[in-house]
Amino acid sequence: MKYVLIDQDIVPKEKAGIDFDDRGYHFGDGIYEVIRIYNGKPFTINQHLDRLYESAKKLDIPLSTTRETFTELINELIIKNTIETGIVYIQLTRGLQPRNHLYQREISPVLTGFAENLERKEELLTNGVDLWLTKDIRWLRCDIKTINLLGNIMAKREAADHNCHEAIMHRDGTVTEGSSSNLFLIKDSTLYTHPATNLILNGITRQVVIKLAKEAGLHVVEEAFPVDVLAIADEAFITSTTMEVTPVRSITGDVSATLEIGPITRQLQEAFKQLLP
Ligand code: PLP
């Protein structure tokens, strides 16, 4: 990471100063996006920018940077850091806001970002991942992509303690999503996933996969399901910008299941791969 984004400029990393008084730094008062780069090109950039604008609106953080400027800045980050396969991270924090003036509008949000190499996780895409199922202890606005992710981080650490790649979570026995991914299960050729409510982040990859599945003539049910269903699933996979469509081979924790990596997961992985630039 040699060059980073600060406000509207791409500067060498050592020249980028972050304001100590930024509320993002103190309170996690901010939002972010992670965009995948394939072949030096950003993937689904418009959908990511849409979600960034939506998150900013939901938290009432002014975001005046236009889509065109974002696209230029993101491309500059990719080129200056010579990224072929990687990610671009964009963050918007509320910035400095005088104490006791929480509702004052004259704030100056801080836009930052970086790009780095990240290879596709071929081994996991082929052989699948082990999931750890645990309680969802997060707040009730998981639809906003905020930098406040402690519930997710605690779940992920718990998963790592049990040698699992990813945590999936449930609220009172109803499955929600992964710590940084969305979960799909397949039963009798139908895909099931939690609906895009306040309890999950509506993943861009989730949306792409739902579209691909429907185009392939598969039935997709966006309904919440209980944890017990995981034990009788034919197949399952998780989706995210960095993990793409990754098969699940086992689930442990609050439920135990051993899963086959089946034909529908492979079909959707292939369809997804066809979209990559
Ligand atoms: N759910 C959560 C909680 C996430 O943090 C993420 C990604 O970071 C996802 C789902 C997947 O979203 P996307 O496909 O947009 O990367």
# chains A, B, ... in the order shown; residues from 1 in each chain; ligands from 1
>>> residues_near_ligand(ligand="ligand 1", cutoff="9 Å", atoms="only C-alpha atoms and all ligand atoms", output="CSV table (one decimal) with C-alpha atoms, in the first residue's frame")
chain,number,residue,atom,x,y,z
A,33,GLU,CA,-17.1,-0.4,1.4
A,34,VAL,CA,-14.8,-3.0,0.1
A,35,ILE,CA,-14.6,-3.3,-3.7
A,36,ARG,CA,-13.0,-6.3,-5.5
A,47,GLN,CA,-23.6,-1.3,-6.5
A,48,HIS,CA,-20.9,-0.7,-3.9
A,51,ARG,CA,-24.7,1.1,-0.8
A,142,CYS,CA,-27.0,-4.6,10.4
A,143,ASP,CA,-28.2,-3.2,7.1
A,145,LYS,CA,-22.3,-1.0,6.5
A,146,THR,CA,-20.7,0.7,9.5
A,149,LEU,CA,-18.2,-4.3,13.9
A,152,ASN,CA,-18.9,-9.5,14.0
A,177,GLU,CA,-25.7,-14.2,8.3
A,178,GLY,CA,-21.9,-14.6,8.5
A,179,SER,CA,-19.5,-12.3,10.4
A,180,SER,CA,-18.5,-11.0,7.0
A,181,SER,CA,-20.6,-12.9,4.5
A,182,ASN,CA,-24.1,-14.0,3.7
A,183,LEU,CA,-25.2,-17.6,4.0
A,200,ILE,CA,-28.4,-8.5,7.8
A,201,LEU,CA,-26.1,-6.7,5.4
A,202,ASN,CA,-27.6,-7.0,2.0
A,203,GLY,CA,-24.3,-8.2,0.4
A,204,ILE,CA,-23.6,-7.2,-3.2
A,205,THR,CA,-22.4,-10.7,-3.9
A,206,ARG,CA,-25.6,-12.0,-2.3
A,207,GLN,CA,-27.6,-9.9,-4.8
A,208,VAL,CA,-25.5,-11.0,-7.7
A,238,ILE,CA,-21.3,-18.2,1.8
A,239,THR,CA,-20.9,-15.1,-0.3
A,240,SER,CA,-18.9,-12.0,0.0
A,241,THR,CA,-16.7,-9.6,-2.0
A,242,THR,CA,-13.5,-11.3,-0.9
A,243,MET,CA,-14.8,-14.9,-0.6
A,244,GLU,CA,-17.0,-14.8,-3.8
>>> select_by_dssp(residues="region 192-263 of chain A", states="helix (DSSP H, G or I)", output="list in words")
Ile204, Thr205, Arg206, Gln207, Val208, Val209, Ile210, Lys211, Leu212, Ala213, Lys214, Glu215, Val227, Asp228, Val229, Leu230, Ala231, Ile232 and Pro263 of chain A
>>> select_by_dssp(residues="region 2-131 of chain A", states="strand (DSSP E)", output="ChimeraX atom specification")
/A:3-6,9-12,30-38,41-42,86-96,108-117,129-131
>>> closest_residue(among="A:Met154, A:Gly217, A:Ile107, A:Glu68", to="Arg138 (chain A)", atoms="only C-alpha atoms")
A:Met154
>>> residues_around(residues="Pro42 (chain A)", least_positions_apart="4", cutoff="9 Å", atoms="only C-alpha atoms", output="PyMOL selection string")
chain A and resi 35-38+71+74-75+78+87-88+277
>>> atom_distance(atom1="CA of Asp161 (chain A)", atom2="CA of Leu133 (chain A)")
12.4 Å
>>> closest_atom_pairs(of="region 44-89 of chain A", to="region 12-23 of chain A", cutoff="12 Å", atoms="only C-alpha atoms", output="JSON lines")
{"residue": "A:Ile61", "atom": "CA", "partner": "A:Arg23", "partner_atom": "CA", "distance": 11.5}
{"residue": "A:Leu77", "atom": "CA", "partner": "A:Pro12", "partner_atom": "CA", "distance": 10.6}
{"residue": "A:Lys80", "atom": "CA", "partner": "A:Pro12", "partner_atom": "CA", "distance": 9.6}
{"residue": "A:Asn81", "atom": "CA", "partner": "A:Pro12", "partner_atom": "CA", "distance": 10.1}
>>> closest_atom_pairs(of="region 137-200 of chain A", to="region 263-272 of chain A", cutoff="10 Å", atoms="only C-alpha atoms", output="JSON lines")
{"residue": "A:Phe184", "atom": "CA", "partner": "A:Thr265", "partner_atom": "CA", "distance": 9.7}
{"residue": "A:Leu185", "atom": "CA", "partner": "A:Thr265", "partner_atom": "CA", "distance": 9.4}
{"residue": "A:Ile186", "atom": "CA", "partner": "A:Ile264", "partner_atom": "CA", "distance": 8.0}
{"residue": "A:Ser189", "atom": "CA", "partner": "A:Ile264", "partner_atom": "CA", "distance": 7.4}
{"residue": "A:Thr190", "atom": "CA", "partner": "A:Ile264", "partner_atom": "CA", "distance": 9.4}
{"residue": "A:Leu191", "atom": "CA", "partner": "A:Ile264", "partner_atom": "CA", "distance": 9.2}
>>> write_last_selection(atoms="C-alpha atoms", output="short mmCIF file (atom, residue, chain, number, x, y, z; two decimals), in the first residue's frame")
data_model
loop_
_atom_site.label_atom_id
_atom_site.label_comp_id
_atom_site.auth_asym_id
_atom_site.auth_seq_id
_atom_site.Cartn_x
_atom_site.Cartn_y
_atom_site.Cartn_z
CA PHE A 184 -27.27 -19.64 1.51
CA LEU A 185 -28.46 -23.19 1.95
CA ILE A 186 -29.87 -25.50 -0.68
CA SER A 189 -32.77 -27.62 -5.52
CA THR A 190 -34.20 -24.50 -3.82
CA LEU A 191 -31.95 -21.77 -2.38
#
>>> residues_around(residues="Thr176 (chain A)", least_positions_apart="2", cutoff="10 Å", atoms="only C-alpha atoms", output="list in words")
Lys135, Asp136, Ile168, Met169, His170, Arg171, Gly173, Thr174, Gly178, Ser179, Asn182, Leu183, Thr193, His194, Pro195, Ala196, Thr197, Leu199, Ile200, Leu201, Ala224, Phe225, Pro226 and Val227 of chain A
>>> closest_residue(among="A:Leu275, A:Leu5, A:Ala213, A:Ala231", to="Leu111 (chain A)", atoms="only C-alpha atoms")
A:Leu5
>>> decode(residues="region 4-15 of chain A", atoms="N, CA and C atoms", output="compact mmCIF listing (two decimals), in the first residue's frame")
# COMPACT_ATOMS: atom_id res chain seq x y z
N VAL A 4 -2.55 6.33 -0.80
CA VAL A 4 -3.86 6.23 -0.15
C VAL A 4 -4.73 7.43 -0.52
N LEU A 5 -6.01 7.26 -0.27
CA LEU A 5 -6.97 8.33 -0.53
C LEU A 5 -7.24 9.08 0.77
N ILE A 6 -7.13 10.41 0.70
CA ILE A 6 -7.55 11.23 1.84
C ILE A 6 -8.26 12.45 1.28
N ASP A 7 -9.53 12.62 1.70
CA ASP A 7 -10.44 13.61 1.12
C ASP A 7 -10.57 13.36 -0.38
N GLN A 8 -10.09 14.26 -1.22
CA GLN A 8 -10.26 14.01 -2.66
C GLN A 8 -8.91 13.75 -3.34
N ASP A 9 -7.88 13.48 -2.55
CA ASP A 9 -6.54 13.33 -3.13
C ASP A 9 -5.96 11.95 -2.89
N ILE A 10 -5.16 11.50 -3.86
CA ILE A 10 -4.39 10.28 -3.67
C ILE A 10 -2.97 10.74 -3.34
N VAL A 11 -2.49 10.36 -2.16
CA VAL A 11 -1.18 10.84 -1.70
C VAL A 11 -0.34 9.66 -1.21
N PRO A 12 1.01 9.83 -1.18
CA PRO A 12 1.83 8.76 -0.60
C PRO A 12 1.39 8.51 0.84
N LYS A 13 1.38 7.25 1.24
CA LYS A 13 0.82 6.88 2.55
C LYS A 13 1.44 7.69 3.71
N GLU A 14 2.76 7.90 3.66
CA GLU A 14 3.41 8.59 4.78
C GLU A 14 3.00 10.06 4.88
N LYS A 15 2.39 10.59 3.81
CA LYS A 15 1.98 12.02 3.85
C LYS A 15 0.54 12.17 4.33
